[in-house]
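Data file: my_file13.pdb. Format and content: PDB, C-alpha atoms.
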ATOM      1  CA  MET A   1     -22.327 -19.580  20.548
ATOM      2  CA  ALA A   2     -20.199 -19.713  17.368
ATOM      3  CA  ASP A   3     -16.908 -17.893  17.107
ATOM      4  CA  SER A   4     -16.862 -14.418  15.580
ATOM      5  CA  SER A   5     -14.129 -13.675  13.071
ATOM      6  CA  PHE A   6     -12.692 -11.207  10.590
ATOM      7  CA  ASP A   7      -9.950 -11.270   7.966
ATOM      8  CA  ILE A   8      -6.948  -8.959   7.833
ATOM      9  CA  VAL A   9      -5.987  -8.158   4.239
ATOM     10  CA  SER A  10      -3.851  -5.678   2.348
ATOM     11  CA  LYS A  11      -5.547  -4.961  -0.966
ATOM     12  CA  VAL A  12      -5.132  -2.094  -3.415
ATOM     13  CA  ASP A  13      -7.890  -1.044  -5.790
ATOM     14  CA  HIS A  14      -5.974  -1.305  -9.075
ATOM     15  CA  GLN A  15      -8.502   0.844 -10.926
ATOM     16  CA  GLU A  16      -7.871   3.691  -8.463
ATOM     17  CA  ALA A  17      -4.091   3.200  -8.823
ATOM     18  CA  ASP A  18      -4.476   3.380 -12.608
ATOM     19  CA  ASN A  19      -6.563   6.561 -12.265
ATOM     20  CA  ALA A  20      -3.888   8.095  -9.999
ATOM     21  CA  LEU A  21      -1.178   7.240 -12.537
ATOM     22  CA  ASN A  22      -3.193   8.789 -15.393
ATOM     23  CA  GLN A  23      -3.793  11.959 -13.367
ATOM     24  CA  ALA A  24      -0.082  12.170 -12.513
ATOM     25  CA  ARG A  25       0.855  11.682 -16.190
ATOM     26  CA  LYS A  26      -1.487  14.500 -17.259
ATOM     27  CA  GLU A  27      -0.093  16.829 -14.595
ATOM     28  CA  VAL A  28       3.507  16.056 -15.586
ATOM     29  CA  GLU A  29       2.693  16.752 -19.251
ATOM     30  CA  GLN A  30       1.067  20.103 -18.413
ATOM     31  CA  ARG A  31       3.261  21.548 -15.652
ATOM     32  CA  TYR A  32       5.724  24.235 -16.662
ATOM     33  CA  ASP A  33       8.573  22.987 -14.426
ATOM     34  CA  PHE A  34       8.549  19.624 -16.268
ATOM     35  CA  LYS A  35       8.875  21.156 -19.764
ATOM     36  CA  GLY A  36      12.056  20.006 -21.519
ATOM     37  CA  THR A  37      12.972  17.422 -18.884
ATOM     38  CA  ASN A  38      11.554  14.429 -20.797
ATOM     39  CA  ALA A  39       9.658  13.526 -17.620
ATOM     40  CA  SER A  40       7.178  10.669 -17.922
ATOM     41  CA  ILE A  41       5.331   8.113 -15.822
ATOM     42  CA  GLU A  42       3.825   4.886 -17.156
ATOM     43  CA  TRP A  43       2.973   1.280 -16.363
ATOM     44  CA  SER A  44       5.725  -1.204 -17.137
ATOM     45  CA  GLY A  45       3.990  -4.519 -16.611
ATOM     46  CA  GLU A  46       3.063  -4.613 -12.909
ATOM     47  CA  ALA A  47       5.538  -1.848 -12.028
ATOM     48  CA  VAL A  48       5.372   1.922 -12.475
ATOM     49  CA  LEU A  49       8.285   3.401 -14.435
ATOM     50  CA  ILE A  50       9.242   7.047 -13.914
ATOM     51  CA  LYS A  51      11.748   8.698 -16.264
ATOM     52  CA  ALA A  52      13.267  12.191 -16.278
ATOM     53  CA  SER A  53      16.448  13.921 -17.443
ATOM     54  CA  THR A  54      17.601  14.795 -13.894
ATOM     55  CA  GLU A  55      17.388  13.032 -10.558
ATOM     56  CA  GLU A  56      15.444  15.923  -8.987
ATOM     57  CA  ARG A  57      12.794  15.885 -11.736
ATOM     58  CA  ALA A  58      12.402  12.083 -11.373
ATOM     59  CA  LYS A  59      11.823  12.530  -7.638
ATOM     60  CA  ALA A  60       9.354  15.346  -8.361
ATOM     61  CA  VAL A  61       7.359  13.051 -10.691
ATOM     62  CA  LEU A  62       7.312  10.412  -7.935
ATOM     63  CA  ASP A  63       6.052  13.072  -5.509
ATOM     64  CA  VAL A  64       3.230  14.016  -7.912
ATOM     65  CA  PHE A  65       2.277  10.320  -8.232
ATOM     66  CA  GLN A  66       2.288   9.874  -4.437
ATOM     67  CA  SER A  67       0.003  12.886  -3.966
ATOM     68  CA  LYS A  68      -2.439  11.477  -6.541
ATOM     69  CA  LEU A  69      -2.428   8.092  -4.746
ATOM     70  CA  ILE A  70      -3.251   9.795  -1.446
ATOM     71  CA  LYS A  71      -6.118  11.742  -3.039
ATOM     72  CA  ARG A  72      -7.460   8.432  -4.408
ATOM     73  CA  GLY A  73      -7.408   6.835  -0.942
ATOM     74  CA  ILE A  74      -4.431   4.523  -1.509
ATOM     75  CA  SER A  75      -1.931   4.351   1.340
ATOM     76  CA  LEU A  76       1.711   5.076   0.536
ATOM     77  CA  LYS A  77       2.563   1.930   2.527
ATOM     78  CA  SER A  78       1.319   0.054  -0.549
ATOM     79  CA  LEU A  79       3.853   1.800  -2.826
ATOM     80  CA  GLU A  80       7.421   0.520  -2.871
ATOM     81  CA  SER A  81       9.808   2.831  -4.738
ATOM     82  CA  GLY A  82      13.455   2.376  -5.528
ATOM     83  CA  ASP A  83      16.129   5.044  -5.721
ATOM     84  CA  PRO A  84      16.723   6.969  -8.952
ATOM     85  CA  VAL A  85      19.025   4.985 -11.242
ATOM     86  CA  ALA A  86      21.116   6.842 -13.806
ATOM     87  CA  GLY A  87      20.802   5.516 -17.332
ATOM     88  CA  SER A  88      22.615   6.714 -20.444
ATOM     89  CA  LYS A  89      20.595   9.944 -20.793
ATOM     90  CA  GLU A  90      17.951   9.748 -18.080
ATOM     91  CA  TYR A  91      17.167   8.819 -14.514
ATOM     92  CA  ARG A  92      14.654   6.045 -13.816
ATOM     93  CA  ILE A  93      12.661   5.132 -10.718
ATOM     94  CA  THR A  94      10.859   1.803 -10.630
ATOM     95  CA  SER A  95       7.955   1.530  -8.183
ATOM     96  CA  THR A  96       5.691  -1.403  -7.420
ATOM     97  CA  ILE A  97       2.298  -1.520  -5.768
ATOM     98  CA  LYS A  98       2.248  -4.167  -3.043
ATOM     99  CA  ASP A  99      -0.861  -6.323  -2.815
ATOM    100  CA  GLY A 100      -1.346  -8.882  -0.054
ATOM    101  CA  ILE A 101       0.462  -9.461   3.217
ATOM    102  CA  SER A 102       3.926 -11.017   2.937
ATOM    103  CA  SER A 103       4.685 -14.039   5.120
ATOM    104  CA  GLU A 104       7.122 -12.023   7.292
ATOM    105  CA  ASN A 105       4.506  -9.319   7.926
ATOM    106  CA  ALA A 106       1.839 -11.964   8.584
ATOM    107  CA  LYS A 107       4.091 -13.524  11.209
ATOM    108  CA  LYS A 108       4.732 -10.089  12.785
ATOM    109  CA  ILE A 109       0.992  -9.348  12.929
ATOM    110  CA  SER A 110       0.253 -12.787  14.352
ATOM    111  CA  LYS A 111       2.950 -12.283  17.023
ATOM    112  CA  ILE A 112       1.492  -8.873  17.983
ATOM    113  CA  ILE A 113      -1.964 -10.455  18.351
ATOM    114  CA  ARG A 114      -0.544 -13.325  20.417
ATOM    115  CA  ASP A 115       1.638 -11.174  22.695
ATOM    116  CA  GLU A 116      -0.454  -8.031  23.201
ATOM    117  CA  GLY A 117      -4.000  -9.034  22.266
ATOM    118  CA  PRO A 118      -6.684 -10.641  24.431
ATOM    119  CA  LYS A 119      -5.955 -14.274  25.308
ATOM    120  CA  SER A 120      -9.178 -15.638  23.771
ATOM    121  CA  VAL A 121      -8.169 -14.480  20.273
ATOM    122  CA  LYS A 122      -6.683 -16.919  17.745
ATOM    123  CA  SER A 123      -5.057 -15.893  14.479
ATOM    124  CA  GLN A 124      -4.359 -18.074  11.476
ATOM    125  CA  ILE A 125      -2.313 -17.256   8.354
ATOM    126  CA  GLN A 126      -4.174 -18.117   5.137
ATOM    127  CA  GLY A 127      -2.045 -17.306   2.097
ATOM    128  CA  ASP A 128      -1.694 -13.523   1.863
ATOM    129  CA  GLU A 129      -4.271 -12.765   4.585
ATOM    130  CA  LEU A 130      -4.933 -13.552   8.243
ATOM    131  CA  ARG A 131      -8.112 -14.860   9.857
ATOM    132  CA  VAL A 132      -8.699 -13.742  13.454
ATOM    133  CA  GLN A 133     -11.261 -15.603  15.606
ATOM    134  CA  SER A 134     -12.683 -15.195  19.082
ATOM    135  CA  LYS A 135     -15.894 -15.873  20.996
ATOM    136  CA  SER A 136     -16.086 -12.216  22.012
ATOM    137  CA  ARG A 137     -16.683  -9.474  19.444
ATOM    138  CA  ASP A 138     -15.227  -6.969  21.900
ATOM    139  CA  ASP A 139     -11.926  -8.876  21.812
ATOM    140  CA  LEU A 140     -11.925  -8.700  18.008
ATOM    141  CA  GLN A 141     -12.488  -4.945  18.133
ATOM    142  CA  GLU A 142      -9.617  -4.691  20.628
ATOM    143  CA  VAL A 143      -7.359  -6.522  18.136
ATOM    144  CA  GLN A 144      -8.365  -4.059  15.403
ATOM    145  CA  ARG A 145      -7.522  -1.096  17.661
ATOM    146  CA  LEU A 146      -4.210  -2.740  18.569
ATOM    147  CA  LEU A 147      -3.219  -3.275  14.923
ATOM    148  CA  LYS A 148      -4.269   0.237  13.872
ATOM    149  CA  ALA A 149      -2.020   1.648  16.609
ATOM    150  CA  ALA A 150       0.910  -0.633  15.694
ATOM    151  CA  ASP A 151       3.516   0.851  13.362
ATOM    152  CA  LEU A 152       3.528  -1.714  10.562
ATOM    153  CA  ASP A 153       4.965  -1.177   7.072
ATOM    154  CA  VAL A 154       1.851  -2.605   5.409
ATOM    155  CA  ASP A 155      -1.584  -1.070   4.820
ATOM    156  CA  LEU A 156      -4.216  -3.214   6.594
ATOM    157  CA  GLN A 157      -7.948  -3.543   5.992
ATOM    158  CA  PHE A 158     -10.377  -5.573   8.095
ATOM    159  CA  VAL A 159     -12.995  -7.475   6.055
ATOM    160  CA  ASN A 160     -15.545 -10.315   6.407
ATOM    161  CA  TYR A 161     -16.505  -9.307   9.951
ATOM    162  CA  ARG A 162     -18.884 -12.000  11.237
TER     163      ARG A 162
END
Would you kindly transcribe this structure into structure tokens?
Amino acid sequence: MADSSFDIVSKVDHQEADNALNQARKEVEQRYDFKGTNASIEWSGEAVLIKASTEERAKAVLDVFQSKLIKRGISLKSLESGDPVAGSKEYRITSTIKDGISSENAKKISKIIRDEGPKSVKSQIQGDELRVQSKSRDDLQEVQRLLKAADLDVDLQFVNYR
């Protein structure tokens, strides 16, 4: 019998992230507590740039954006935000949306599978994803349960289940 396998990936639907950003921008433009604070949120290349006249308003815009991401089904583990940085007249927060599994996280996941998972399971790092193989589908499901329970700082999806 051939080995069963699945891939572990960390992907973000960029269209949904763009929709969340547009919704957050509209809410910031319309909300009364943001009037006169020059608060804004926009794409800056691959990053999201948040601007406001005070540090608290910048954090509030980030909070609005995070709530829109959650409503759109995007995990906050995929959003990496910096601290508010004071400019000449405004505070800025730069956030990036992480896509793919970094090599350090891939090694952590692989170590968890090796140490705590069933012995028949093999994992292999392939770029920014991991391939997990085993003869037993039950063992693969056990690995998925194990990784869902693990407290990792990356949002994982399981795809290509064969």
When distances are computed from only C-alpha atoms, which of A:Leu62, A:Ile70, A:Ile112, A:Val154 shows the smallest separation from Ile93 of chain A?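 Of A:Leu62, A:Ile70, A:Ile112, A:Val154, the one nearest Ile93 of chain A, counting only C-alpha atoms, is A:Leu62.
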Would you write out, as a ChimeraX atom specification, every residue that the PyMOL selection byres ((chain A and resi 14-29) around 6) captures in this file? /A:12-13,30-31,41,64-65,68-69
For each of A:Glu55, A:Asp128, A:Asp139, A:Glu42, take the minimum atom-to-atom distance to Ser95 of chain A, counting only C-alpha atoms, then give the residue where this is smallest.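 Closest candidate: A:Glu42.
Restricting the calculation to all atoms listed in the file, the smallest distance between Val132 of chain A and any of A:Val9, A:Val85, A:Val61, A:Ile74 is found for A:Val9.
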Separation of atom CA of Lys35 of chain A from atom CA of Val48 of chain A, in Å and rounded to one decimal: 20.9 Å
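Nearest to Tyr161 of chain A of all the residues A:Lys77, A:Gln141, A:Ser40, A:Asn105 is A:Gln141, based on all atoms listed in the file.
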Would you compute the box with edges along x, y and z of the file around segment 76-86 of chain A, including every atom the file lists for it and 6 Å extra on each side, and give its centre and edge lengths in Å to one decimal, as JSON?
{"center_x": 11.2, "center_y": 3.5, "center_z": -5.6, "size_x": 31.8, "size_y": 18.9, "size_z": 28.3}
Serialized segment 12-28 of chain A w/ all heavy atoms as an mmCIF file, in the first residue's frame:
data_model
loop_
_atom_site.group_PDB
_atom_site.id
_atom_site.type_symbol
_atom_site.label_atom_id
_atom_site.label_comp_id
_atom_site.auth_asym_id
_atom_site.auth_seq_id
_atom_site.Cartn_x
_atom_site.Cartn_y
_atom_site.Cartn_z
ATOM 1 N N VAL A 12 -2.274 32.903 3.373
ATOM 2 C CA VAL A 12 -3.270 33.936 3.649
ATOM 3 C C VAL A 12 -3.929 34.293 2.327
ATOM 4 O O VAL A 12 -3.246 34.513 1.331
ATOM 5 C CB VAL A 12 -2.608 35.182 4.274
ATOM 6 C CG1 VAL A 12 -3.612 36.299 4.429
ATOM 7 C CG2 VAL A 12 -1.987 34.843 5.609
ATOM 8 N N ASP A 13 -5.246 34.344 2.327
ATOM 9 C CA ASP A 13 -5.979 34.767 1.136
ATOM 10 C C ASP A 13 -5.828 36.294 1.032
ATOM 11 O O ASP A 13 -6.431 37.043 1.796
ATOM 12 C CB ASP A 13 -7.449 34.366 1.261
ATOM 13 C CG ASP A 13 -8.254 34.668 0.008
ATOM 14 O OD1 ASP A 13 -7.714 35.322 -0.907
ATOM 15 O OD2 ASP A 13 -9.421 34.247 -0.049
ATOM 16 N N HIS A 14 -4.999 36.747 0.090
ATOM 17 C CA HIS A 14 -4.700 38.168 -0.012
ATOM 18 C C HIS A 14 -5.912 39.001 -0.421
ATOM 19 O O HIS A 14 -6.000 40.173 -0.064
ATOM 20 C CB HIS A 14 -3.524 38.392 -0.963
ATOM 21 C CG HIS A 14 -2.226 37.954 -0.367
ATOM 22 N ND1 HIS A 14 -1.550 38.694 0.571
ATOM 23 C CD2 HIS A 14 -1.497 36.835 -0.540
ATOM 24 C CE1 HIS A 14 -0.465 38.068 0.943
ATOM 25 N NE2 HIS A 14 -0.404 36.918 0.285
ATOM 26 N N GLN A 15 -6.846 38.406 -1.137
ATOM 27 C CA GLN A 15 -8.067 39.137 -1.484
ATOM 28 C C GLN A 15 -8.883 39.427 -0.225
ATOM 29 O O GLN A 15 -9.417 40.524 -0.059
ATOM 30 C CB GLN A 15 -8.902 38.345 -2.497
ATOM 31 C CG GLN A 15 -10.132 39.080 -2.971
ATOM 32 C CD GLN A 15 -9.794 40.370 -3.688
ATOM 33 O OE1 GLN A 15 -8.968 40.392 -4.577
ATOM 34 N NE2 GLN A 15 -10.433 41.453 -3.290
ATOM 35 N N GLU A 16 -8.960 38.453 0.679
ATOM 36 C CA GLU A 16 -9.690 38.659 1.938
ATOM 37 C C GLU A 16 -8.970 39.698 2.805
ATOM 38 O O GLU A 16 -9.610 40.511 3.468
ATOM 39 C CB GLU A 16 -9.840 37.340 2.698
ATOM 40 C CG GLU A 16 -10.804 36.374 2.056
ATOM 41 C CD GLU A 16 -12.250 36.871 2.050
ATOM 42 O OE1 GLU A 16 -12.645 37.667 2.925
ATOM 43 O OE2 GLU A 16 -12.996 36.454 1.146
ATOM 44 N N ALA A 17 -7.638 39.672 2.816
ATOM 45 C CA ALA A 17 -6.876 40.670 3.582
ATOM 46 C C ALA A 17 -7.117 42.063 3.019
ATOM 47 O O ALA A 17 -7.280 43.037 3.769
ATOM 48 C CB ALA A 17 -5.390 40.325 3.561
ATOM 49 N N ASP A 18 -7.181 42.181 1.694
ATOM 50 C CA ASP A 18 -7.454 43.458 1.051
ATOM 51 C C ASP A 18 -8.864 43.934 1.389
ATOM 52 O O ASP A 18 -9.078 45.123 1.678
ATOM 53 C CB ASP A 18 -7.280 43.325 -0.464
ATOM 54 C CG ASP A 18 -7.280 44.660 -1.161
ATOM 55 O OD1 ASP A 18 -6.627 45.594 -0.651
ATOM 56 O OD2 ASP A 18 -7.934 44.770 -2.220
ATOM 57 N N ASN A 19 -9.828 43.003 1.394
ATOM 58 C CA ASN A 19 -11.204 43.358 1.767
ATOM 59 C C ASN A 19 -11.261 43.846 3.216
ATOM 60 O O ASN A 19 -11.953 44.814 3.524
ATOM 61 C CB ASN A 19 -12.134 42.161 1.581
ATOM 62 C CG ASN A 19 -12.350 41.813 0.124
ATOM 63 O OD1 ASN A 19 -12.082 42.607 -0.762
ATOM 64 N ND2 ASN A 19 -12.826 40.598 -0.120
ATOM 65 N N ALA A 20 -10.531 43.170 4.115
ATOM 66 C CA ALA A 20 -10.512 43.566 5.525
ATOM 67 C C ALA A 20 -9.922 44.965 5.666
ATOM 68 O O ALA A 20 -10.424 45.794 6.434
ATOM 69 C CB ALA A 20 -9.714 42.556 6.346
ATOM 70 N N LEU A 21 -8.851 45.253 4.920
ATOM 71 C CA LEU A 21 -8.230 46.569 4.988
ATOM 72 C C LEU A 21 -9.190 47.649 4.477
ATOM 73 O O LEU A 21 -9.325 48.715 5.083
ATOM 74 C CB LEU A 21 -6.933 46.594 4.175
ATOM 75 C CG LEU A 21 -6.175 47.910 4.293
ATOM 76 C CD1 LEU A 21 -4.797 47.665 4.842
ATOM 77 C CD2 LEU A 21 -6.109 48.595 2.969
ATOM 78 N N ASN A 22 -9.897 47.366 3.384
ATOM 79 C CA ASN A 22 -10.858 48.339 2.849
ATOM 80 C C ASN A 22 -12.006 48.592 3.826
ATOM 81 O O ASN A 22 -12.442 49.730 4.002
ATOM 82 C CB ASN A 22 -11.390 47.879 1.495
ATOM 83 C CG ASN A 22 -10.345 47.996 0.409
ATOM 84 O OD1 ASN A 22 -9.453 48.828 0.478
ATOM 85 N ND2 ASN A 22 -10.433 47.132 -0.587
ATOM 86 N N GLN A 23 -12.482 47.530 4.473
ATOM 87 C CA GLN A 23 -13.549 47.697 5.469
ATOM 88 C C GLN A 23 -13.048 48.532 6.650
ATOM 89 O O GLN A 23 -13.761 49.398 7.156
ATOM 90 C CB GLN A 23 -14.026 46.339 5.975
ATOM 91 C CG GLN A 23 -14.894 45.594 5.000
ATOM 92 C CD GLN A 23 -15.333 44.255 5.555
ATOM 93 O OE1 GLN A 23 -14.700 43.689 6.437
ATOM 94 N NE2 GLN A 23 -16.431 43.737 5.027
ATOM 95 N N ALA A 24 -11.816 48.256 7.091
ATOM 96 C CA ALA A 24 -11.251 49.010 8.215
ATOM 97 C C ALA A 24 -11.091 50.484 7.833
ATOM 98 O O ALA A 24 -11.379 51.377 8.636
ATOM 99 C CB ALA A 24 -9.912 48.408 8.630
ATOM 100 N N ARG A 25 -10.629 50.747 6.611
ATOM 101 C CA ARG A 25 -10.456 52.128 6.147
ATOM 102 C C ARG A 25 -11.788 52.866 6.152
ATOM 103 O O ARG A 25 -11.891 54.002 6.618
ATOM 104 C CB ARG A 25 -9.839 52.157 4.751
ATOM 105 C CG ARG A 25 -9.534 53.561 4.277
ATOM 106 C CD ARG A 25 -8.714 53.666 3.015
ATOM 107 N NE ARG A 25 -8.797 52.560 2.082
ATOM 108 C CZ ARG A 25 -9.773 52.384 1.179
ATOM 109 N NH1 ARG A 25 -10.778 53.236 1.120
ATOM 110 N NH2 ARG A 25 -9.746 51.365 0.352
ATOM 111 N N LYS A 26 -12.846 52.220 5.653
ATOM 112 C CA LYS A 26 -14.169 52.846 5.630
ATOM 113 C C LYS A 26 -14.661 53.139 7.048
ATOM 114 O O LYS A 26 -15.231 54.202 7.318
ATOM 115 C CB LYS A 26 -15.175 51.945 4.915
ATOM 116 C CG LYS A 26 -15.003 51.953 3.417
ATOM 117 C CD LYS A 26 -16.011 51.030 2.752
ATOM 118 C CE LYS A 26 -15.768 50.945 1.263
ATOM 119 N NZ LYS A 26 -16.642 49.975 0.609
ATOM 120 N N GLU A 27 -14.439 52.191 7.956
ATOM 121 C CA GLU A 27 -14.893 52.403 9.337
ATOM 122 C C GLU A 27 -14.127 53.544 9.993
ATOM 123 O O GLU A 27 -14.707 54.368 10.700
ATOM 124 C CB GLU A 27 -14.727 51.114 10.156
ATOM 125 C CG GLU A 27 -15.263 51.268 11.560
ATOM 126 C CD GLU A 27 -15.331 49.962 12.326
ATOM 127 O OE1 GLU A 27 -15.575 48.914 11.719
ATOM 128 O OE2 GLU A 27 -15.142 50.021 13.556
ATOM 129 N N VAL A 28 -12.824 53.627 9.752
ATOM 130 C CA VAL A 28 -12.015 54.699 10.329
ATOM 131 C C VAL A 28 -12.462 56.058 9.792
ATOM 132 O O VAL A 28 -12.521 57.046 10.529
ATOM 133 C CB VAL A 28 -10.505 54.445 10.043
ATOM 134 C CG1 VAL A 28 -9.670 55.679 10.334
ATOM 135 C CG2 VAL A 28 -10.005 53.260 10.852
#
